[in-house]
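Next comes protein30.txt, a file with compact mmCIF, C-alpha atoms.
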```
# COMPACT_ATOMS: atom_id res chain seq x y z
CA MET A 1 131.42 128.82 116.82
CA ILE A 2 128.35 130.40 118.42
CA LYS A 3 127.48 129.01 121.85
CA ALA A 4 124.94 131.58 123.13
CA ALA A 5 122.26 133.83 121.62
CA PHE A 6 120.40 136.76 123.19
CA PHE A 7 117.05 138.05 121.90
CA ASP A 8 115.27 141.32 122.56
CA VAL A 9 111.47 140.89 122.70
CA ASP A 10 109.45 143.83 121.39
CA TRP A 11 109.80 144.35 117.63
CA THR A 12 112.44 141.59 117.59
CA LEU A 13 110.64 138.41 118.66
CA PHE A 14 107.21 140.04 118.85
CA ASP A 15 105.59 141.99 116.04
CA HIS A 16 103.28 144.65 117.45
CA LYS A 17 101.64 145.28 114.08
CA SER A 18 100.23 141.76 113.86
CA ASN A 19 100.27 141.38 117.66
CA GLN A 20 102.05 138.04 117.63
CA PHE A 21 105.35 136.27 118.11
CA ILE A 22 106.92 135.34 114.79
CA ALA A 23 106.59 131.58 114.29
CA SER A 24 109.71 131.23 112.12
CA SER A 25 111.81 132.94 114.80
CA LEU A 26 110.55 130.61 117.52
CA ALA A 27 111.20 127.57 115.31
CA SER A 28 114.76 128.77 114.62
CA ILE A 29 115.44 129.32 118.32
CA LYS A 30 114.24 125.80 119.10
CA LYS A 31 116.53 124.44 116.39
CA MET A 32 119.46 126.38 117.86
CA GLN A 33 118.84 124.75 121.23
CA GLU A 34 118.69 121.33 119.63
CA GLU A 35 122.13 122.01 118.19
CA GLY A 36 123.52 122.90 121.62
CA ILE A 37 123.36 126.70 121.52
CA LYS A 38 122.11 128.34 124.71
CA VAL A 39 119.29 130.86 124.17
CA PHE A 40 118.35 133.83 126.34
CA ILE A 41 115.72 136.55 126.53
CA CYS A 42 117.28 140.02 126.78
CA SER A 43 114.56 142.61 127.35
CA ALA A 44 113.86 146.02 128.82
CA ARG A 45 110.70 144.43 130.24
CA ASN A 46 110.82 143.50 133.90
CA THR A 47 110.67 139.86 134.99
CA LYS A 48 106.97 139.91 135.88
CA SER A 49 106.16 141.42 132.48
CA LEU A 50 108.12 138.68 130.71
CA TYR A 51 105.97 136.06 132.38
CA GLU A 52 102.71 137.92 131.80
CA PHE A 53 103.60 138.57 128.16
CA GLY A 54 103.91 134.83 127.59
CA LEU A 55 107.65 134.46 126.98
CA PHE A 56 107.77 131.30 129.09
CA SER A 57 104.75 129.75 127.37
CA LEU A 58 106.15 129.60 123.83
CA GLY A 59 107.44 126.05 123.97
CA ILE A 60 111.03 127.26 124.36
CA ASP A 61 112.98 126.14 127.42
CA TRP A 62 115.01 129.34 127.75
CA ASP A 63 118.44 128.86 129.32
CA GLY A 64 117.96 132.16 131.15
CA PHE A 65 116.85 135.74 130.82
CA ILE A 66 117.93 139.34 131.24
CA SER A 67 115.21 141.73 132.38
CA SER A 68 114.88 145.42 133.28
CA ALA A 69 117.33 146.30 130.49
CA GLY A 70 120.19 144.48 132.17
CA ALA A 71 119.54 145.22 135.84
CA PHE A 72 118.62 141.59 136.49
CA ALA A 73 120.06 138.45 134.91
CA CYS A 74 119.23 134.87 135.75
CA LEU A 75 120.13 131.39 134.54
CA ASN A 76 117.49 128.65 134.49
CA LYS A 77 115.23 130.79 136.72
CA THR A 78 117.45 129.97 139.71
CA VAL A 79 121.01 131.32 139.41
CA VAL A 80 121.14 135.13 139.61
CA THR A 81 124.20 136.53 137.84
CA ARG A 82 123.33 140.23 138.11
CA LYS A 83 121.08 142.31 140.40
CA LEU A 84 121.33 146.11 140.44
CA ILE A 85 119.36 147.39 143.44
CA MET A 86 118.37 151.03 144.15
CA ARG A 87 119.06 152.69 147.48
CA LYS A 88 115.92 152.55 149.62
CA LYS A 89 116.18 156.22 150.53
CA ASP A 90 116.04 157.11 146.82
CA VAL A 91 112.99 154.92 146.33
CA SER A 92 111.24 156.54 149.30
CA SER A 93 112.04 160.04 148.04
CA LEU A 94 110.70 159.24 144.57
CA ILE A 95 107.51 157.85 146.06
CA SER A 96 106.97 160.99 148.13
CA PHE A 97 107.52 163.15 145.05
CA ALA A 98 105.09 161.13 142.92
CA LEU A 99 102.36 161.13 145.53
CA SER A 100 102.75 164.87 146.09
CA LYS A 101 102.00 165.35 142.37
CA ASN A 102 99.05 162.92 142.43
CA LEU A 103 101.00 160.57 140.17
CA THR A 104 101.37 156.83 140.31
CA MET A 105 104.57 154.90 139.80
CA GLN A 106 105.52 151.30 139.21
CA LEU A 107 108.23 149.78 141.40
CA VAL A 108 110.08 146.87 139.82
CA THR A 109 111.61 144.17 142.01
CA PRO A 110 113.72 141.24 140.75
CA TRP A 111 110.67 138.98 140.40
CA ASP A 112 107.62 141.22 140.73
CA ARG A 113 106.23 144.73 140.29
CA PHE A 114 103.52 146.91 141.82
CA LEU A 115 101.96 150.37 141.70
CA ILE A 116 102.28 152.67 144.69
CA SER A 117 98.76 154.11 144.21
CA GLU A 118 95.66 153.73 142.06
CA PRO A 119 96.07 154.25 138.27
CA ASN A 120 95.42 157.75 136.96
CA ASN A 121 94.84 159.18 133.48
CA TYR A 122 98.56 159.18 132.59
CA TYR A 123 98.72 155.48 133.41
CA ILE A 124 95.69 154.86 131.18
CA LEU A 125 97.25 156.82 128.28
CA TYR A 126 100.46 154.83 128.69
CA GLN A 127 98.55 151.54 128.54
CA GLU A 128 96.83 152.54 125.30
CA VAL A 129 100.26 152.24 123.69
CA PHE A 130 102.06 149.52 125.67
CA HIS A 131 99.26 147.26 126.98
CA ASP A 132 101.40 146.22 129.95
CA GLU A 133 99.04 146.37 132.90
CA CYS A 134 100.43 146.28 136.42
CA LYS A 135 97.69 144.75 138.54
CA SER A 136 99.23 144.81 142.00
CA ILE A 137 98.83 148.00 144.08
CA HIS A 138 100.33 148.50 147.54
CA SER A 139 102.67 150.71 149.51
CA PHE A 140 106.45 150.30 149.51
CA LYS A 141 107.54 147.79 152.16
CA ASN A 142 111.31 148.03 151.80
CA GLU A 143 111.41 145.53 148.94
CA GLU A 144 114.52 145.29 146.78
CA VAL A 145 113.81 147.66 143.88
CA LEU A 146 115.63 147.44 140.56
CA GLY A 147 114.00 150.52 139.09
CA THR A 148 110.90 152.66 138.83
CA LEU A 149 108.52 153.69 136.07
CA LEU A 150 106.76 157.02 136.62
CA TYR A 151 103.60 157.64 134.62
CA ALA A 152 103.79 161.35 133.86
CA PRO A 153 104.11 163.80 130.94
CA SER A 154 107.44 165.24 129.81
CA SER A 155 106.56 168.60 131.38
CA ILE A 156 107.73 167.15 134.69
CA ASP A 157 111.16 166.01 133.47
CA GLU A 158 113.17 169.11 134.36
CA GLU A 159 111.81 169.19 137.91
CA LEU A 160 112.63 165.51 138.28
CA LYS A 161 116.21 166.04 137.16
CA GLU A 162 116.62 169.00 139.53
CA LYS A 163 115.29 167.07 142.51
CA PHE A 164 117.03 163.77 141.71
CA PRO A 165 120.29 164.66 139.90
CA ASP A 166 122.07 161.49 141.06
CA LEU A 167 119.50 159.15 139.52
CA VAL A 168 119.35 157.99 135.90
CA HIS A 169 116.35 159.32 133.94
CA PHE A 170 115.20 157.73 130.68
CA ARG A 171 112.03 158.99 129.02
CA PHE A 172 110.99 156.38 126.51
CA ALA A 173 107.31 157.30 126.03
CA ASP A 174 104.99 160.29 126.15
CA TYR A 175 103.70 159.21 129.56
CA GLY A 176 106.45 156.92 130.79
CA ILE A 177 109.86 157.69 132.29
CA ASP A 178 112.23 155.18 133.89
CA ILE A 179 114.09 156.49 136.94
CA ASN A 180 116.81 154.19 138.24
CA GLY A 181 119.67 154.20 140.69
CA GLY A 182 122.24 153.44 138.02
CA GLU A 183 122.57 152.83 134.32
CA HIS A 184 120.57 149.80 133.17
CA ASN A 185 122.67 148.25 130.45
CA LYS A 186 121.75 145.07 128.55
CA GLY A 187 125.40 144.52 127.77
CA ASP A 188 126.20 144.24 131.48
CA GLY A 189 123.52 141.58 131.86
CA ILE A 190 124.96 139.63 128.93
CA ASN A 191 128.48 139.96 130.33
CA SER A 192 127.39 138.51 133.67
CA ILE A 193 125.86 135.44 132.02
CA LEU A 194 128.74 134.84 129.63
CA SER A 195 131.24 135.21 132.47
CA TYR A 196 129.34 132.70 134.62
CA LEU A 197 129.16 130.19 131.76
CA LYS A 198 132.77 130.88 130.68
CA ILE A 199 131.63 131.68 127.15
CA ARG A 200 133.69 134.22 125.22
CA LYS A 201 131.96 137.25 123.72
CA GLU A 202 133.09 136.11 120.26
CA GLU A 203 131.00 132.98 120.81
CA ALA A 204 127.75 134.92 121.30
CA ILE A 205 125.23 136.63 119.02
CA SER A 206 122.50 139.13 119.94
CA PHE A 207 119.43 140.63 118.27
CA GLY A 208 117.71 143.96 118.88
CA ASP A 209 116.08 147.01 117.35
CA ASP A 210 116.01 149.92 119.80
CA ILE A 211 118.43 152.31 121.55
CA GLN A 212 118.68 150.18 124.68
CA ASP A 213 119.90 147.31 122.51
CA ILE A 214 123.05 149.08 121.35
CA SER A 215 124.95 147.93 124.44
CA MET A 216 124.38 144.35 123.25
CA SER A 217 126.74 145.14 120.37
CA THR A 218 129.75 145.47 122.67
CA ALA A 219 128.90 142.36 124.70
CA THR A 220 128.59 139.86 121.84
CA GLY A 221 130.75 139.09 118.84
CA ILE A 222 127.82 139.56 116.47
CA PHE A 223 125.01 142.07 116.93
CA VAL A 224 122.10 141.94 114.49
CA CYS A 225 119.67 144.83 114.11
CA MET A 226 116.19 144.12 112.80
CA GLY A 227 115.23 145.86 109.56
CA ASN A 228 112.58 147.77 111.49
CA GLY A 229 115.18 149.01 113.98
CA LYS A 230 116.23 152.60 114.59
CA GLU A 231 119.00 154.11 112.46
CA GLU A 232 121.35 154.54 115.45
CA VAL A 233 121.00 150.82 116.19
CA LYS A 234 121.62 149.83 112.58
CA LYS A 235 124.88 151.79 112.63
CA ALA A 236 126.04 149.80 115.68
CA ALA A 237 125.15 146.44 114.14
CA ASN A 238 127.38 143.93 112.38
CA TYR A 239 124.43 143.03 110.18
CA VAL A 240 120.99 144.49 109.44
CA THR A 241 118.45 141.80 108.70
CA SER A 242 114.85 141.90 107.46
CA ASN A 243 111.95 143.29 109.46
CA VAL A 244 110.57 141.30 112.37
CA GLU A 245 107.54 140.17 110.35
CA ASN A 246 109.69 139.09 107.40
CA ASP A 247 111.61 136.33 109.20
CA GLY A 248 114.46 138.66 110.17
CA ILE A 249 115.89 136.43 112.87
CA THR A 250 115.90 133.29 110.74
CA LYS A 251 117.45 135.11 107.77
CA ALA A 252 120.28 136.44 109.95
CA LEU A 253 120.99 133.01 111.41
CA LEU A 254 121.19 131.61 107.88
CA HIS A 255 123.40 134.53 106.77
CA PHE A 256 125.96 133.75 109.50
CA LYS A 257 125.59 129.99 108.86
CA ILE A 258 124.53 129.43 112.46
CA LEU A 259 121.58 127.55 110.97
CA ARG A 260 121.63 125.77 107.63
```
Can the structure in the file be given as structure tokens, please?
Amino acid sequence: MIKAAFFDVDWTLFDHKSNQFIASSLASIKKMQEEGIKVFICSARNTKSLYEFGLFSLGIDWDGFISSAGAFACLNKTVVTRKLIMRKKDVSSLISFALSKNLTMQLVTPWDRFLISEPNNYYILYQEVFHDECKSIHSFKNEEVLGTLLYAPSSIDEELKEKFPDLVHFRFADYGIDINGGEHNKGDGINSILSYLKIRKEEAISFGDDIQDISMSTATGIFVCMGNGKEEVKKAANYVTSNVENDGITKALLHFKILR
């Protein structure tokens, strides 16, 4: 019996081709809640981005969320079950490096985010693809930082790895690279919530489409990959459903008889 469900956002709940959340998916999630199943967001987006993207204005009373690809997990917006914080000396060193290269960087805290300097052309190019504006700009004031997003081309990657070999580097876009203190793993975020709620992994299902979602497959009994997902993710899935725009979530829930 499924007691908890975890949903990636981009290309899973949200279709970027039509620029909208899929109505059938939202209706199915509401029905799951009505039947007593707890529902959670599980996204690589940071907490502030989840709010600004409208996840909490969809008419769904989420039981909790996982943000920053597993670095932060929270129940009912109050109970924190996971918080992976970077060392402040690493954050300061990264800031110095970025500023020396005339680059800007986003610092992500558990509940907020900000840029360390004014946006530059790399930031603008990044936004042309992701449309995820960070509007706050100020210097680092020893906040708790979950991770950083450096807006820079791939030509800088080798230098970054040489200067910061102990940090985790993940280039996910032409002009965006995440640099974190440790591995951000969605599965770890799921584990922390399931452990707190005393729900077994076999009683949970998860949905995703991208590389960062693969760790969800080891944290839940059923992992569903969207039809539009990457081949590596499909190979890790228990079931590959239809594309996001073709009611993929609802069809999977019907396939596993979680909804009827």
Range 66-132 of chain A residues near range 34-47 of chain A within 9 Å, closest pair each, using all atoms listed in the file, as a Markdown table:
```
| residue | atom | partner | partner_atom | distance |
| --- | --- | --- | --- | --- |
| A:Ile66 | CA | A:Cys42 | CA | 4.6 |
| A:Ser67 | CA | A:Asn46 | CA | 5.0 |
| A:Ser68 | CA | A:Asn46 | CA | 4.5 |
| A:Ala69 | CA | A:Ala44 | CA | 3.9 |
| A:Gly70 | CA | A:Ala44 | CA | 7.3 |
| A:Phe72 | CA | A:Thr47 | CA | 8.3 |
| A:Ala73 | CA | A:Cys42 | CA | 8.7 |
| A:Leu75 | CA | A:Phe40 | CA | 8.7 |
| A:Val108 | CA | A:Asn46 | CA | 6.9 |
| A:Thr109 | CA | A:Asn46 | CA | 8.2 |
| A:Pro110 | CA | A:Thr47 | CA | 6.7 |
| A:Trp111 | CA | A:Thr47 | CA | 5.5 |
| A:Asp112 | CA | A:Thr47 | CA | 6.6 |
| A:Arg113 | CA | A:Asn46 | CA | 8.0 |
```
In Å to one decimal, how far is CA of Ala236 in chain A from CA of Asp63 in chain A? 26.1 Å
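Distances to Ile22 in chain A were evaluated for A:Leu160, A:Val244, A:Leu197, A:Val145 using all atoms listed in the file, and the minimum falls at A:Val244.
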Counting all atoms listed in the file, which of A:Thr250, A:Ser242, A:Thr148, A:Asn120 gets nearest to Lys30 in chain A? A:Thr250
Would you give me, as a Markdown table, each residue of range 78-173 of chain A having an atom within 10 Å of an atom of range 181-193 of chain A, along with its shortest atom pair and that distance in Å to one decimal, using all atoms listed in the file and sorting by chain and residue number?
```
| residue | atom | partner | partner_atom | distance |
| --- | --- | --- | --- | --- |
| A:Val79 | CA | A:Ile193 | CA | 9.8 |
| A:Val80 | CA | A:Ile193 | CA | 8.9 |
| A:Thr81 | CA | A:Ser192 | CA | 5.6 |
| A:Arg82 | CA | A:Ser192 | CA | 6.3 |
| A:Lys83 | CA | A:Gly189 | CA | 8.9 |
| A:Leu84 | CA | A:Gly182 | CA | 7.8 |
| A:Ile85 | CA | A:Gly181 | CA | 7.4 |
| A:Met86 | CA | A:Gly181 | CA | 4.9 |
| A:Arg87 | CA | A:Gly181 | CA | 7.0 |
| A:Lys88 | CA | A:Gly181 | CA | 9.8 |
| A:Asp90 | CA | A:Gly181 | CA | 7.7 |
| A:Val91 | CA | A:Gly181 | CA | 8.8 |
| A:Val145 | CA | A:Gly181 | CA | 9.3 |
| A:Leu146 | CA | A:Gly181 | CA | 7.9 |
| A:Gly147 | CA | A:Gly181 | CA | 6.9 |
| A:Thr148 | CA | A:Gly181 | CA | 9.1 |
| A:Phe164 | CA | A:Gly181 | CA | 10.0 |
| A:Asp166 | CA | A:Gly181 | CA | 7.7 |
| A:Leu167 | CA | A:Gly181 | CA | 5.1 |
| A:Val168 | CA | A:Gly182 | CA | 5.8 |
| A:His169 | CA | A:Glu183 | CA | 9.0 |
| A:Phe170 | CA | A:Glu183 | CA | 9.6 |
```
Rounded to one decimal, what separation in Å do you get between CA of Phe14 in chain A and CA of Tyr126 in chain A?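 It comes out at 19.0 Å.
Going from CA of Lys235 in chain A over to CA of Cys74 in chain A, you cover 29.2 Å.
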Selection: 9 Å around Asn243 in chain A, all atoms listed in the file, excl. self and same-chain fewer than 6 positions, as a list of chain:residue names: A:Trp11, A:Thr12, A:Met226, A:Gly227, A:Asn228, A:Gly229, A:Ile249
